[in-house]
Amino acid sequence: MPLARAVGDRSLREHYLISKADFSLEGEKAVVLTFDDGPSKYIGSFLDVLNEEQVHAMFFWQSRLLHHKRPWKRTIAEGHMIGTHTHRHPNLARLNADKQRKEIETSRREVERIIGQPIQHFRPPFGQYNVDTLNIAAAMQLDVVLWDVPSYDWELKKDPDKIISNVVENVENGSIILLHELEQTLYVLPQLIKELKRGGFSFRTL
Ligand SMILES: [Zn+2]
């Protein structure tokens with residue numbers, strides 16, 4: 001199947017699939033913190049830490065978890081970006097195009113209804129996608145955001161300090177860092193941010 005379209009003189013893949021950012025034009029050394037699989041019960045505490053450290057981040061939410069008590073207004077008001085991470089978190093590469101479209105459309109509609117503004121970013125669950133996923137995202141004008149630095153936070157409940165070293169030892173200018181709205185991630189987040197700042201990094205969203 002041909003890709004839906006190209007954007008300008010760049011290929012669709014380059015335009016819509018992002019696994020690392022480029023802040024070199026701005027002359028800045030920066031990274032992007034991304035948090036998947038919320039909004040979780042820890043979201044308020046994540047916002048407290050980010051606010052304390054004056055850091056803006058990106059959240060990829062599963063729309064099935066959009067409980068009305070989650071502080072989504074605050075998330076937007078404090079300068080963070082919200083993207084979609086599908087409705088039910090399936091492996092999209094195993095679904096046909098219609099089912100993929102439904103997952104992404106439903107989640108986009110639900111997240112936009114709640115936050116009251118269009119979203120621009122989509123992260124496929126498990127980083128799994130195929131050409132249908134890219135075509136669907138392109139048709140919806142959603143950038144597909146992957147990552148270049150996985151923190152492995154989901155495996156490190158009992159060894160959270162390793163989350164910090166996994167990130168700090170692999171991060172580069174423009175890195176997109178994969179984190180989750182988990183308790184162990186919250187626990188190390190202040191230290192992680194401090195160490196990245198010490199390494200000269202600032203924090204940006206896409
Ligand atoms: Zn996920």
# chains A, B, ... in the order shown; residues from 1 in each chain; ligands from 1
>>> closest_atom_pairs(of="range 50-95 of chain A", to="range 122-145 of chain A", cutoff="7 Å", atoms="only C-alpha atoms", output="tab-separated table")
residue	atom	partner	partner_atom	distance
A:Phe60	CA	A:Arg123	CA	6.6
A:Gly83	CA	A:Phe122	CA	5.4
A:Thr84	CA	A:Phe122	CA	4.8
A:His85	CA	A:Arg123	CA	5.1
A:His89	CA	A:Pro125	CA	5.6
A:Pro90	CA	A:Pro125	CA	6.5
A:Asn91	CA	A:Pro125	CA	6.0
A:Leu92	CA	A:Tyr129	CA	5.7
A:Ala93	CA	A:Tyr129	CA	4.7
>>> select_by_dssp(residues="range 86-172 of chain A", states="strand (DSSP E)", output="PyMOL selection string")
chain A and resi 121-122+143-145+149-150
>>> atom_distance(atom1="CA of Leu179 in chain A", atom2="CA of Glu26 in chain A")
25.1 Å
>>> atom_distance(atom1="CA of Leu47 in chain A", atom2="CA of Phe201 in chain A")
19.5 Å
>>> residues_around(residues="Arg74 in chain A", least_positions_apart="4", cutoff="10 Å", atoms="only C-alpha atoms", output="list in words")
Gly44, Leu47, Arg70, Glu78, Gly79, His80 and Ile115 of chain A
>>> atom_distance(atom1="CA of Gly116 in chain A", atom2="CA of Lys99 in chain A")
25.1 Å
>>> select_by_dssp(residues="range 115-200 of chain A", states="helix (DSSP H, G or I)", output="JSON, numbers by chain")
{"A": [115, 125, 126, 127, 131, 132, 133, 134, 135, 136, 137, 138, 139, 153, 154, 155, 161, 162, 163, 164, 165, 166, 167, 168, 183, 184, 185, 186, 187, 188, 189, 190, 191, 192, 193, 194, 195, 196, 197, 198]}
>>> residues_around(residues="Pro150 in chain A", least_positions_apart="3", cutoff="9 Å", atoms="only C-alpha atoms", output="list in words")
Trp147, Asp153, Asn166, Val167, Ile176, Ile177, Leu178 and Leu179 of chain A
>>> closest_residue(among="A:Leu146, A:Ile163, A:Ile43, A:Ile76", to="Glu181 in chain A", atoms="only C-alpha atoms")
A:Ile43
>>> residues_around(residues="range 188-197 of chain A", least_positions_apart="6", cutoff="9 Å", atoms="only C-alpha atoms", output="PyMOL selection string")
chain A and resi 31+46+49-50+52-53+55+160-161+163-165+167-168+171+203
>>> closest_residue(among="A:His87, A:Arg204, A:His121, A:His68", to="ligand 1", atoms="only C-alpha atoms and all ligand atoms")
A:His87
